[in-house]
Protein chains: 2
Amino acid sequence: MDTSLAIAEVHLTPILIADPPLLNTQGVHQPYTPRLIVEVVTRGGVTGVGETYGDGEYLALARPLADSVMGLPVTDVNRLFSLAEAAECAAAGERGESGEAGEAGPGPAAADVAAGGLRGVRNAAKLRLSVVSAFEVACLDALGKTLGLPVHTLLGGKVRDRVEYSAYLFYRWAAHPARPAPEVPEDDWGAALDPSGIVDQARRFADAYGFRSFKLKGGVFPPDEEIAAVRALAAAFPGQPLRLDPNGAWSVETSLRVARELRDVLEYLEDPASGTDRMAEVAAGRARTGLPLATNMCVTTFPEIREAFARDAVQVVLSDHHYWGGLRNTRELAAICRTFGVGLSMHSNTHLGISLAAMTHVAATVPNLDYACDTHYPWQTEDVITRRHAFEDGCLTVPDAPGLGVELDRPALAALHRRWLDDDGTLRERDDAAAMRLADPTWTTPAVPRW
Amino acid sequence: MDTSLAIAEVHLTPILIADPPLLNTQGVHQPYTPRLIVEVVTRGGVTGVGETYGDGEYLALARPLADSVMGLPVTDVNRLFSLAEAAECAAAGERGESGEAGEAGPGPAAADVAAGGLRGVRNAAKLRLSVVSAFEVACLDALGKTLGLPVHTLLGGKVRDRVEYSAYLFYRWAAHPARPAPEVPEDDWGAALDPSGIVDQARRFADAYGFRSFKLKGGVFPPDEEIAAVRALAAAFPGQPLRLDPNGAWSVETSLRVARELRDVLEYLEDPASGTDRMAEVAAGRARTGLPLATNMCVTTFPEIREAFARDAVQVVLSDHHYWGGLRNTRELAAICRTFGVGLSMHSNTHLGISLAAMTHVAATVPNLDYACDTHYPWQTEDVITRRHAFEDGCLTVPDAPGLGVELDRPALAALHRRWLDDDGTLRERDDAAAMRLADPTWTTPAVPRW
């Protein structure tokens with residue numbers, strides 16, 4: 001084995017990135033969102049980069065994993081999973097806790113929308129996979145750069161030259177309720193709180209990026225208002241694919257009513273209700289609505305697949321290489337969906353250009369990518385790469401440069417890390433409900449079903 | 001993209017290899033079995049090798065695929081599937097047939113044991129995958145040799161250093177009913193037609209190769225005789241894992257009876273009955289027998305998984321990188337089994353050292369390889385590689401040399417190809433029933449259930 005491929009250094013850089021005041025059923029995005037940038041440096045002097053969630057519990061897992069991958073060849077990505085598990089057990093042991101890291105934390109039953117519930121089930125195994133994903137992407141980036149091969153080639157080669165993304169529409173305010181610092185610029189998108197605001201936002205997305213499909217983040221206003229917004233989009237963009245995602249905020253009855261009312265214009269309805277039980281009930285009404293249900297909440301881990309597929313609770317899984325443990329696991333998820341006749345697309349949380357590159361590489365290799373992928377990327381004004389990705393006709397051209405095809409902007413990374421260091425801790429954990437309380441001190445995370 | 005990775009030449013070499021007179025429910029192995037050796041040569045001058053079934057229908061698919069991969073980089077293994085499908089359509093078009101190559105041929109319902117039925121369902125898509133597998137393995141071998149990386153590294157790295165195999169016991173005759181040519185040596189294993197013959201065979205396997213688990217190919221004699229053979233093995237090798245595989249020859253009732261009688265000594269029962277319906281019925285009796293059912297007949301393609309898993313018809317899938325379309329598809333199958341709580345092991349048909357190397361590489365990377373793998377390899381006295389694989393404690397050490405770690409023995413390959421050229425056509429298609437008719441002119445392929 002070529003020892004120049006061995007990992008000689010790992011750098012973990014937590015950062016805070018500017019985020020607009022986008023509304024969802026739990027509250028509003030904070031002015032800053034934490035992300036973690038992972039760099040692996042090989043003995044051969046090649047650096048690979050990865051990106052994942054940056055909240056404290058992810059950092060706590062990333063640190064012992066960074067120690068335990070020292071010396072591992074960047075080719076050995078299959079071993080990251082057991083190394084992460086072992087590192088976690090060891091860290092727990094040092095803290096005097098049970099060394100059982102396997103499936104700790106609340107199971108799917110506790111995953112109803114609560115703090116962090118937008119990301120679906122939240123347990124130790126899933127957090128671990130989210131951390132592993134950044135290491136896997138960084139290893140593949142370093143390997144690709146070393147070999148002169150793009151990451152998609154390391155995944156068996158692209159089957160398409162462009163990956164289509166969808167415009168991600170949000171109800172939003174013009175400004176955050178509390179401006180974090182005077183040097184943070186507010187964006188010029190203005191508020192969008194009604195159908196015409198959403199249509200204006202969609203037009204700007206379509207004009208600037210060429211997006212041809214539109215997803216509205218719902219669960220913010222009573223369903224009839226969101227139905228009206230989707231109807232307005234359908235009128236403004238006749239025949240173009242539309243989606244609505246209330247993050248599990250609705251009852252089964254409401255979900256079925258919205259599905260019936262929007263069946264002629266939606267390509268899918270995403271997570272109308274919370275949990276596999278309710279989703280299965282809504283899906284059972286599909287015979288009447290014909291509308292597929294997509295999810296990024298009730299199926300976000302491999303252990304959740306079996307029951308959800310057996311009950312036909314979801315017809316489209318929105319993959320996310322962070323949740324699922326990397327690009328190769330994402331391909332495995334795609335194979336499972338293909339085998340079970342379930343559609344596949346891609347989910348997005350607030351992320352930067354490293355993750356968008358990773359999403360694009362893996363999406364390019366999956367034959368059964370059935371829908372345009374989600375991305376928050378256009379909402380992000382800051383980045384840690386030197387050249388931002390540019391959408392054309394709503395698509396990104398799959399990079400053929402070695403590795404991910406992105407270059408780290410070190411001054412930008414340092415500045416965003418400085419912001420993280422300077423934060424008093426309140427914004428190092430994403431908490432949309434806390435952000436909402438700055439505008440409405442009585443706000444608490446709504447119980448589901450909310451409507 | 002490095003153009004030196006592009007495929008400049010493809011060589012297809014059909015061969016006939018010596019095979020002992022091993023008995024199964026359809027008949028007896030012929031003196032020679034057809035195999036196809038695929039070589040891809042890159043513009044950089046590196047040769048990669050693969051191996052698959054060599055019957056005429058496989059050759060007919062391999063030839064157009066060989067043409068259509070010219071210029072393809074050996075990294076682009078994801079594209080082999082669509083290229084094979086397109087090549088097949090084009091070839092069918094030239095023959096004036098329907099261009100629809102997708103799922104032509106008999107579906108699972110026609111897969112009951114019939115000619116070729118030992119290999120499970122037999123349709124165009126599966127034949128195509130068997131051909132693609134040899135090209136994929138050859139591409140990975142060439143890529144690994146070019147990069148100086150073993151094939152397991154191209155699959156994300158090994159998670160074990162040794163892969164365990166099982167002794168594959170057969171009822172057999174001492175000699176073929178018709179010796180094909182005077183220069184073909186007969187082996188010195190002698191006949192094995194009763195419990196003591198099987199135990200002797202197992203002892204020789206254990207002594208020579210260190211195998212610790214034993215699989216008996218059944219379906220040859222009435223079930224009570226085979227039960228007696230397994231009992232004799234259990235007495236001779238107490239506590240060691242045993243398996244019995246009658247290739248779907250039994251009724252549900254017989255299957256359940258054998259399962260009850262051998263539940264204390266078998267680790268699994270393989271394909272006792274034919275087809276998903278019967279297997280599901282037998283599996284339903286598992287609550288009483290506790291014995292898992294394994295299969296390499298009722299689930300040999302991705303489209304068969306959904307129903308078989310939903311009905312819990314099988315508890316162990318015996319993967320086979322030939323059937324499933326290569327090493328990367330085998331990893332996807334492993335991910336599916338892991339997700340659905342189904343065990344995984346590996347099937348074998350008569351094969352040479354190239355395929356054994358490929359099996360070992362992929363097996364080394366799969367975390368959930370739950371049982372020792374099958375292999376016919378010790379029965380093969382001929383090979384096309386310069387250094388035969390050597391079992392130690394029933395295991396093969398995973399090769400860390402570049403590519404598969406095998407070298408083609410060109411004089412041996414030429415001699416086995418010469419044999420194929422010289423054959424009058426009768427042995428170019430494997431036909432165990434035809435071989436049996438040389439001993440018993442009244443023999444026809446038994447209908448199932450046979451007992």
# chains A, B, ... in the order shown; residues from 1 in each chain; ligands from 1

call {"tool": "select_by_dssp", "arguments": {"residues": "segment 151-376 of chain B", "states": "alpha helix (DSSP H)", "output": "PyMOL selection string"}}
result
chain B and resi 151-154+195-209+223-236+252-262+275-284+286-289+302-310+321-324+327-339+353-365

call {"tool": "interface_residues", "arguments": {"of": "chain B", "to": "chain A", "cutoff": "8 Å", "atoms": "only C-alpha atoms", "output": "list of chain:residue names"}}
result
B:Met1, B:Asp2, B:Thr75, B:Asp76, B:Val77, B:Asn78, B:Arg79, B:Leu147, B:Gly148, B:Leu149, B:Thr153, B:Leu154, B:Gly156, B:Gly157, B:Lys158, B:Val159, B:Phe302, B:Pro303, B:Ile305, B:Arg306, B:Ala310, B:Glu332, B:Ala335, B:Ile336, B:Thr339, B:Phe340, B:Thr365, B:Asp400

call {"tool": "atom_distance", "arguments": {"atom1": "atom CA of Glu270 of chain B", "atom2": "atom CA of Gly248 of chain B"}}
result
8.3 Å

call {"tool": "select_by_dssp", "arguments": {"residues": "segment 291-353 of chain B", "states": "strand (DSSP E or B)", "output": "MDAnalysis selection string"}}
result
chainID B and resid 293:295 316:319 343:346

call {"tool": "write_last_selection", "arguments": {"atoms": "all heavy atoms", "output": "JSON list (two decimals), in the first residue's frame"}}
result
[["chain", "number", "residue", "atom", "x", "y", "z"],
["B", 293, "LEU", "N", -33.54, -20.49, 6.26],
["B", 293, "LEU", "CA", -33.47, -20.96, 4.87],
["B", 293, "LEU", "C", -32.55, -20.03, 4.09],
["B", 293, "LEU", "O", -32.69, -18.81, 4.14],
["B", 293, "LEU", "CB", -34.86, -20.94, 4.22],
["B", 293, "LEU", "CG", -35.93, -21.80, 4.85],
["B", 293, "LEU", "CD1", -37.17, -21.83, 3.94],
["B", 293, "LEU", "CD2", -35.41, -23.22, 5.09],
["B", 294, "ALA", "N", -31.64, -20.65, 3.36],
["B", 294, "ALA", "CA", -30.77, -19.87, 2.48],
["B", 294, "ALA", "C", -31.21, -20.11, 1.04],
["B", 294, "ALA", "O", -31.88, -21.09, 0.74],
["B", 294, "ALA", "CB", -29.31, -20.31, 2.66],
["B", 295, "THR", "N", -30.81, -19.18, 0.16],
["B", 295, "THR", "CA", -31.18, -19.38, -1.23],
["B", 295, "THR", "C", -30.13, -18.88, -2.19],
["B", 295, "THR", "O", -29.46, -17.88, -1.94],
["B", 295, "THR", "CB", -32.49, -18.68, -1.60],
["B", 295, "THR", "OG1", -32.88, -19.11, -2.92],
["B", 295, "THR", "CG2", -32.35, -17.16, -1.63],
["B", 316, "VAL", "N", -31.28, -16.13, 4.47],
["B", 316, "VAL", "CA", -29.89, -15.94, 4.05],
["B", 316, "VAL", "C", -29.86, -15.90, 2.53],
["B", 316, "VAL", "O", -30.39, -16.81, 1.87],
["B", 316, "VAL", "CB", -28.98, -17.10, 4.52],
["B", 316, "VAL", "CG1", -27.53, -16.87, 4.10],
["B", 316, "VAL", "CG2", -29.08, -17.31, 6.04],
["B", 317, "VAL", "N", -29.28, -14.86, 1.97],
["B", 317, "VAL", "CA", -29.08, -14.80, 0.52],
["B", 317, "VAL", "C", -27.63, -15.15, 0.21],
["B", 317, "VAL", "O", -26.71, -14.61, 0.82],
["B", 317, "VAL", "CB", -29.41, -13.40, -0.04],
["B", 317, "VAL", "CG1", -29.01, -13.31, -1.51],
["B", 317, "VAL", "CG2", -30.90, -13.11, 0.11],
["B", 318, "LEU", "N", -27.47, -16.11, -0.70],
["B", 318, "LEU", "CA", -26.12, -16.46, -1.13],
["B", 318, "LEU", "C", -25.81, -15.62, -2.36],
["B", 318, "LEU", "O", -26.31, -15.88, -3.46],
["B", 318, "LEU", "CB", -26.04, -17.95, -1.44],
["B", 318, "LEU", "CG", -26.48, -18.86, -0.29],
["B", 318, "LEU", "CD1", -26.34, -20.33, -0.67],
["B", 318, "LEU", "CD2", -25.67, -18.58, 0.97],
["B", 319, "SER", "N", -25.03, -14.59, -2.17],
["B", 319, "SER", "CA", -24.72, -13.69, -3.27],
["B", 319, "SER", "C", -23.78, -14.40, -4.25],
["B", 319, "SER", "O", -23.16, -15.41, -3.93],
["B", 319, "SER", "CB", -24.05, -12.42, -2.75],
["B", 319, "SER", "OG", -22.76, -12.73, -2.27],
["B", 343, "GLY", "N", -29.56, -12.53, 6.34],
["B", 343, "GLY", "CA", -28.16, -12.93, 6.37],
["B", 343, "GLY", "C", -27.56, -12.97, 4.98],
["B", 343, "GLY", "O", -28.26, -12.95, 3.96],
["B", 344, "LEU", "N", -26.24, -13.03, 4.93],
["B", 344, "LEU", "CA", -25.55, -12.99, 3.65],
["B", 344, "LEU", "C", -24.40, -13.98, 3.65],
["B", 344, "LEU", "O", -23.65, -14.10, 4.60],
["B", 344, "LEU", "CB", -24.98, -11.59, 3.41],
["B", 344, "LEU", "CG", -24.33, -11.37, 2.04],
["B", 344, "LEU", "CD1", -25.40, -11.20, 0.97],
["B", 344, "LEU", "CD2", -23.43, -10.14, 2.07],
["B", 345, "SER", "N", -24.30, -14.73, 2.55],
["B", 345, "SER", "CA", -23.11, -15.52, 2.32],
["B", 345, "SER", "C", -22.87, -15.52, 0.82],
["B", 345, "SER", "O", -23.41, -14.67, 0.11],
["B", 345, "SER", "CB", -23.26, -16.93, 2.88],
["B", 345, "SER", "OG", -22.03, -17.62, 2.75],
["B", 346, "MET", "N", -22.08, -16.44, 0.31],
["B", 346, "MET", "CA", -21.71, -16.38, -1.09],
["B", 346, "MET", "C", -21.82, -17.74, -1.75],
["B", 346, "MET", "O", -21.36, -18.74, -1.21],
["B", 346, "MET", "CB", -20.28, -15.86, -1.20],
["B", 346, "MET", "CG", -20.00, -15.17, -2.51],
["B", 346, "MET", "SD", -18.36, -14.43, -2.53],
["B", 346, "MET", "CE", -18.70, -12.81, -1.86]]

call {"tool": "residues_around", "arguments": {"residues": "Thr47 of chain A", "least_positions_apart": "5", "cutoff": "12 Å", "atoms": "only C-alpha atoms", "output": "PyMOL selection string"}}
result
chain A and resi 4-11+38-42+74+135+137-146+402-404+406-408

call {"tool": "write_last_selection", "arguments": {"atoms": "N, CA and C atoms", "output": "PDB file, in the first residue's frame"}}
result
ATOM      1  N   SER A   4       1.879   7.090   1.105  1.00  0.00           N
ATOM      2  CA  SER A   4       1.573   8.517   0.943  1.00  0.00           C
ATOM      3  C   SER A   4       0.081   8.779   1.054  1.00  0.00           C
ATOM      4  N   LEU A   5      -0.736   7.720   0.995  1.00  0.00           N
ATOM      5  CA  LEU A   5      -2.189   7.888   1.124  1.00  0.00           C
ATOM      6  C   LEU A   5      -2.654   7.919   2.578  1.00  0.00           C
ATOM      7  N   ALA A   6      -1.739   7.622   3.506  1.00  0.00           N
ATOM      8  CA  ALA A   6      -2.123   7.578   4.922  1.00  0.00           C
ATOM      9  C   ALA A   6      -2.445   8.981   5.441  1.00  0.00           C
ATOM     10  N   ILE A   7      -3.417   9.049   6.325  1.00  0.00           N
ATOM     11  CA  ILE A   7      -3.808  10.342   6.907  1.00  0.00           C
ATOM     12  C   ILE A   7      -2.751  10.767   7.928  1.00  0.00           C
ATOM     13  N   ALA A   8      -2.170  11.955   7.702  1.00  0.00           N
ATOM     14  CA  ALA A   8      -1.127  12.466   8.600  1.00  0.00           C
ATOM     15  C   ALA A   8      -1.671  13.552   9.532  1.00  0.00           C
ATOM     16  N   GLU A   9      -2.666  14.257   9.067  1.00  0.00           N
ATOM     17  CA  GLU A   9      -3.255  15.326   9.893  1.00  0.00           C
ATOM     18  C   GLU A   9      -4.752  15.381   9.632  1.00  0.00           C
ATOM     19  N   VAL A  10      -5.491  15.753  10.659  1.00  0.00           N
ATOM     20  CA  VAL A  10      -6.921  16.070  10.493  1.00  0.00           C
ATOM     21  C   VAL A  10      -7.155  17.429  11.142  1.00  0.00           C
ATOM     22  N   HIS A  11      -7.826  18.306  10.440  1.00  0.00           N
ATOM     23  CA  HIS A  11      -8.188  19.599  11.019  1.00  0.00           C
ATOM     24  C   HIS A  11      -9.705  19.718  11.068  1.00  0.00           C
ATOM     25  N   VAL A  38     -14.146  19.598   7.810  1.00  0.00           N
ATOM     26  CA  VAL A  38     -13.154  18.558   8.122  1.00  0.00           C
ATOM     27  C   VAL A  38     -12.108  18.548   7.012  1.00  0.00           C
ATOM     28  N   GLU A  39     -10.852  18.665   7.394  1.00  0.00           N
ATOM     29  CA  GLU A  39      -9.761  18.509   6.430  1.00  0.00           C
ATOM     30  C   GLU A  39      -8.933  17.301   6.823  1.00  0.00           C
ATOM     31  N   VAL A  40      -8.659  16.437   5.883  1.00  0.00           N
ATOM     32  CA  VAL A  40      -7.671  15.379   6.113  1.00  0.00           C
ATOM     33  C   VAL A  40      -6.473  15.676   5.204  1.00  0.00           C
ATOM     34  N   VAL A  41      -5.304  15.546   5.771  1.00  0.00           N
ATOM     35  CA  VAL A  41      -4.072  15.787   5.012  1.00  0.00           C
ATOM     36  C   VAL A  41      -3.293  14.482   4.967  1.00  0.00           C
ATOM     37  N   THR A  42      -2.946  14.040   3.770  1.00  0.00           N
ATOM     38  CA  THR A  42      -2.225  12.769   3.651  1.00  0.00           C
ATOM     39  C   THR A  42      -0.731  12.986   3.846  1.00  0.00           C
ATOM     40  N   VAL A  74      -6.491   6.962   3.021  1.00  0.00           N
ATOM     41  CA  VAL A  74      -7.754   7.609   2.633  1.00  0.00           C
ATOM     42  C   VAL A  74      -8.600   6.705   1.736  1.00  0.00           C
ATOM     43  N   PHE A 135     -15.904  12.951   7.037  1.00  0.00           N
ATOM     44  CA  PHE A 135     -14.597  12.299   6.906  1.00  0.00           C
ATOM     45  C   PHE A 135     -14.528  11.515   5.601  1.00  0.00           C
ATOM     46  N   VAL A 137     -16.171  12.066   2.783  1.00  0.00           N
ATOM     47  CA  VAL A 137     -16.053  13.000   1.659  1.00  0.00           C
ATOM     48  C   VAL A 137     -14.627  13.565   1.596  1.00  0.00           C
ATOM     49  N   ALA A 138     -14.072  13.901   2.755  1.00  0.00           N
ATOM     50  CA  ALA A 138     -12.701  14.444   2.779  1.00  0.00           C
ATOM     51  C   ALA A 138     -11.701  13.403   2.272  1.00  0.00           C
ATOM     52  N   CYS A 139     -11.893  12.141   2.661  1.00  0.00           N
ATOM     53  CA  CYS A 139     -10.995  11.072   2.188  1.00  0.00           C
ATOM     54  C   CYS A 139     -11.116  10.911   0.670  1.00  0.00           C
ATOM     55  N   LEU A 140     -12.340  10.902   0.173  1.00  0.00           N
ATOM     56  CA  LEU A 140     -12.531  10.732  -1.273  1.00  0.00           C
ATOM     57  C   LEU A 140     -11.950  11.929  -2.036  1.00  0.00           C
ATOM     58  N   ASP A 141     -12.093  13.124  -1.467  1.00  0.00           N
ATOM     59  CA  ASP A 141     -11.523  14.317  -2.095  1.00  0.00           C
ATOM     60  C   ASP A 141      -9.994  14.189  -2.157  1.00  0.00           C
ATOM     61  N   ALA A 142      -9.391  13.782  -1.043  1.00  0.00           N
ATOM     62  CA  ALA A 142      -7.931  13.633  -1.019  1.00  0.00           C
ATOM     63  C   ALA A 142      -7.480  12.524  -1.967  1.00  0.00           C
ATOM     64  N   LEU A 143      -8.219  11.426  -1.979  1.00  0.00           N
ATOM     65  CA  LEU A 143      -7.863  10.311  -2.869  1.00  0.00           C
ATOM     66  C   LEU A 143      -7.958  10.744  -4.328  1.00  0.00           C
ATOM     67  N   GLY A 144      -9.044  11.412  -4.653  1.00  0.00           N
ATOM     68  CA  GLY A 144      -9.236  11.881  -6.027  1.00  0.00           C
ATOM     69  C   GLY A 144      -8.137  12.840  -6.448  1.00  0.00           C
ATOM     70  N   LYS A 145      -7.788  13.757  -5.552  1.00  0.00           N
ATOM     71  CA  LYS A 145      -6.710  14.702  -5.882  1.00  0.00           C
ATOM     72  C   LYS A 145      -5.389  13.971  -6.065  1.00  0.00           C
ATOM     73  N   THR A 146      -5.152  12.969  -5.229  1.00  0.00           N
ATOM     74  CA  THR A 146      -3.900  12.213  -5.337  1.00  0.00           C
ATOM     75  C   THR A 146      -3.826  11.458  -6.661  1.00  0.00           C
ATOM     76  N   PRO A 402      -9.965  16.900 -10.421  1.00  0.00           N
ATOM     77  CA  PRO A 402      -9.662  15.893  -9.397  1.00  0.00           C
ATOM     78  C   PRO A 402     -10.372  16.175  -8.075  1.00  0.00           C
ATOM     79  N   GLY A 403     -10.758  15.108  -7.380  1.00  0.00           N
ATOM     80  CA  GLY A 403     -11.433  15.247  -6.090  1.00  0.00           C
ATOM     81  C   GLY A 403     -12.811  15.845  -6.275  1.00  0.00           C
ATOM     82  N   LEU A 404     -13.209  16.666  -5.293  1.00  0.00           N
ATOM     83  CA  LEU A 404     -14.517  17.326  -5.386  1.00  0.00           C
ATOM     84  C   LEU A 404     -14.512  18.439  -6.420  1.00  0.00           C
ATOM     85  N   VAL A 406     -13.281  21.471  -5.711  1.00  0.00           N
ATOM     86  CA  VAL A 406     -13.406  22.763  -5.025  1.00  0.00           C
ATOM     87  C   VAL A 406     -12.087  23.077  -4.308  1.00  0.00           C
ATOM     88  N   GLU A 407     -11.870  24.368  -4.059  1.00  0.00           N
ATOM     89  CA  GLU A 407     -10.650  24.766  -3.358  1.00  0.00           C
ATOM     90  C   GLU A 407     -11.033  25.557  -2.112  1.00  0.00           C
ATOM     91  N   LEU A 408     -10.432  25.219  -1.016  1.00  0.00           N
ATOM     92  CA  LEU A 408     -10.747  25.878   0.246  1.00  0.00           C
ATOM     93  C   LEU A 408     -10.271  27.328   0.219  1.00  0.00           C
TER      94      LEU A 408
END

call {"tool": "residues_around", "arguments": {"residues": "Glu85 of chain A", "least_positions_apart": "2", "cutoff": "9 Å", "atoms": "only C-alpha atoms", "output": "ChimeraX atom specification"}}
result
/A:65,80-83,87-90,101-102,125,128

call {"tool": "write_last_selection", "arguments": {"atoms": "C-alpha atoms", "output": "PDB file, in the first residue's frame"}}
result
ATOM      1  CA  LEU A  65     -12.696  10.156  15.274  1.00  0.00           C
ATOM      2  CA  LEU A  80     -14.614   4.751   9.113  1.00  0.00           C
ATOM      3  CA  PHE A  81     -17.835   3.317  10.530  1.00  0.00           C
ATOM      4  CA  SER A  82     -16.261   0.933  13.016  1.00  0.00           C
ATOM      5  CA  LEU A  83     -13.554   3.480  13.892  1.00  0.00           C
ATOM      6  CA  ALA A  87     -13.898   6.226  19.147  1.00  0.00           C
ATOM      7  CA  GLU A  88     -17.297   7.100  20.541  1.00  0.00           C
ATOM      8  CA  CYS A  89     -17.278   4.184  22.967  1.00  0.00           C
ATOM      9  CA  ALA A  90     -13.818   5.139  24.157  1.00  0.00           C
ATOM     10  CA  ALA A 101     -22.680   3.774  21.627  1.00  0.00           C
ATOM     11  CA  GLY A 102     -24.630   1.619  19.231  1.00  0.00           C
ATOM     12  CA  ALA A 125     -25.927   6.071  15.344  1.00  0.00           C
ATOM     13  CA  ARG A 128     -22.199   9.282  14.113  1.00  0.00           C
TER      14      ARG A 128
END

call {"tool": "closest_residue", "arguments": {"among": "A:Val252, A:Ala208, A:Ala313, A:Ala434", "to": "Pro449 of chain A", "atoms": "only C-alpha atoms"}}
result
A:Val252

call {"tool": "residues_around", "arguments": {"residues": "segment 380-387 of chain B", "least_positions_apart": "6", "cutoff": "10 Å", "atoms": "only C-alpha atoms", "output": "list of chain:residue names"}}
result
B:Ile15, B:Leu16, B:Ile17, B:Ala18, B:Asp19, B:Pro20, B:Ile37, B:Pro185, B:Glu186, B:Asp187, B:Thr350, B:His351, B:Leu352, B:Gly353, B:Ile354, B:Gly405, B:Val406, B:Glu407, B:Leu408, B:Asp409, B:Arg410, B:Pro411, B:Ala412, B:Leu413, B:Ala414, B:Ala415, B:Leu416

call {"tool": "closest_residue", "arguments": {"among": "B:Ala228, B:Leu438, B:Leu427, B:Val69", "to": "Gly54 of chain B", "atoms": "only C-alpha atoms"}}
result
B:Leu427

call {"tool": "atom_distance", "arguments": {"atom1": "atom CA of Tyr268 of chain B", "atom2": "atom CA of Ala433 of chain B"}}
result
27.3 Å

call {"tool": "atom_distance", "arguments": {"atom1": "atom CA of Val398 of chain A", "atom2": "atom CA of Ser133 of chain A"}}
result
19.9 Å

call {"tool": "closest_residue", "arguments": {"among": "B:Phe214, B:Trp420, B:Tyr209, B:Trp173", "to": "Gly197 of chain B", "atoms": "only C-alpha atoms"}}
result
B:Trp173

call {"tool": "closest_residue", "arguments": {"among": "A:Leu421, A:Ala92, A:Val282, A:Ala249", "to": "Thr13 of chain A", "atoms": "only C-alpha atoms"}}
result
A:Leu421

call {"tool": "closest_residue", "arguments": {"among": "B:Arg35, B:Arg450, B:His321, B:Arg160", "to": "Arg428 of chain B", "atoms": "only C-alpha atoms"}}
result
B:Arg35

call {"tool": "residues_around", "arguments": {"residues": "Arg204 of chain A", "least_positions_apart": "6", "cutoff": "10 Å", "atoms": "only C-alpha atoms", "output": "PyMOL selection string"}}
result
chain A and resi 167+189+198+210-211

call {"tool": "write_last_selection", "arguments": {"atoms": "N, CA and C atoms", "output": "tab-separated table (two decimals), in the first residue's frame"}}
result
chain	number	residue	atom	x	y	z
A	167	ALA	N	-35.63	24.96	-6.84
A	167	ALA	CA	-35.63	26.19	-6.04
A	167	ALA	C	-36.28	25.88	-4.70
A	189	TRP	N	-33.59	40.21	-0.20
A	189	TRP	CA	-34.72	39.43	-0.69
A	189	TRP	C	-36.05	39.95	-0.14
A	198	ILE	N	-44.28	34.68	-2.21
A	198	ILE	CA	-43.67	33.41	-2.60
A	198	ILE	C	-43.45	33.35	-4.11
A	210	GLY	N	-32.29	29.72	-13.07
A	210	GLY	CA	-32.91	28.86	-14.07
A	210	GLY	C	-33.66	27.66	-13.50
A	211	PHE	N	-33.93	27.68	-12.20
A	211	PHE	CA	-34.64	26.54	-11.61
A	211	PHE	C	-35.97	26.32	-12.31

call {"tool": "residues_around", "arguments": {"residues": "Ser196 of chain A", "least_positions_apart": "3", "cutoff": "9 Å", "atoms": "only C-alpha atoms", "output": "list in words"}}
result
Ala192, Leu193, Val199, Asp200, Gln201, Ala229, Ala232 and Leu233 of chain A

call {"tool": "decode", "arguments": {"residues": "segment 273-279 of chain A", "atoms": "N, CA, C and O atoms", "output": "PDB file, in the first residue's frame"}}
result
ATOM      1  N   ALA A 273     -47.295  14.605   7.477  1.00  0.00           N
ATOM      2  CA  ALA A 273     -47.569  14.246   8.869  1.00  0.00           C
ATOM      3  C   ALA A 273     -46.320  13.617   9.475  1.00  0.00           C
ATOM      4  O   ALA A 273     -45.404  13.211   8.772  1.00  0.00           O
ATOM      5  N   SER A 274     -46.326  13.521  10.771  1.00  0.00           N
ATOM      6  CA  SER A 274     -45.113  13.144  11.482  1.00  0.00           C
ATOM      7  C   SER A 274     -45.127  11.664  11.872  1.00  0.00           C
ATOM      8  O   SER A 274     -46.088  11.198  12.480  1.00  0.00           O
ATOM      9  N   GLY A 275     -44.063  10.953  11.541  1.00  0.00           N
ATOM     10  CA  GLY A 275     -43.946   9.563  11.968  1.00  0.00           C
ATOM     11  C   GLY A 275     -44.493   8.588  10.940  1.00  0.00           C
ATOM     12  O   GLY A 275     -45.366   8.921  10.134  1.00  0.00           O
ATOM     13  N   THR A 276     -43.979   7.371  10.984  1.00  0.00           N
ATOM     14  CA  THR A 276     -44.361   6.355  10.008  1.00  0.00           C
ATOM     15  C   THR A 276     -45.845   6.004  10.088  1.00  0.00           C
ATOM     16  O   THR A 276     -46.490   5.793   9.061  1.00  0.00           O
ATOM     17  N   ASP A 277     -46.394   5.975  11.303  1.00  0.00           N
ATOM     18  CA  ASP A 277     -47.813   5.632  11.441  1.00  0.00           C
ATOM     19  C   ASP A 277     -48.688   6.608  10.656  1.00  0.00           C
ATOM     20  O   ASP A 277     -49.522   6.207   9.843  1.00  0.00           O
ATOM     21  N   ARG A 278     -48.501   7.882  10.918  1.00  0.00           N
ATOM     22  CA  ARG A 278     -49.344   8.877  10.240  1.00  0.00           C
ATOM     23  C   ARG A 278     -49.049   8.912   8.744  1.00  0.00           C
ATOM     24  O   ARG A 278     -49.962   9.026   7.920  1.00  0.00           O
ATOM     25  N   MET A 279     -47.774   8.806   8.388  1.00  0.00           N
ATOM     26  CA  MET A 279     -47.435   8.827   6.957  1.00  0.00           C
ATOM     27  C   MET A 279     -48.098   7.645   6.244  1.00  0.00           C
ATOM     28  O   MET A 279     -48.582   7.775   5.111  1.00  0.00           O
TER      29      MET A 279
END
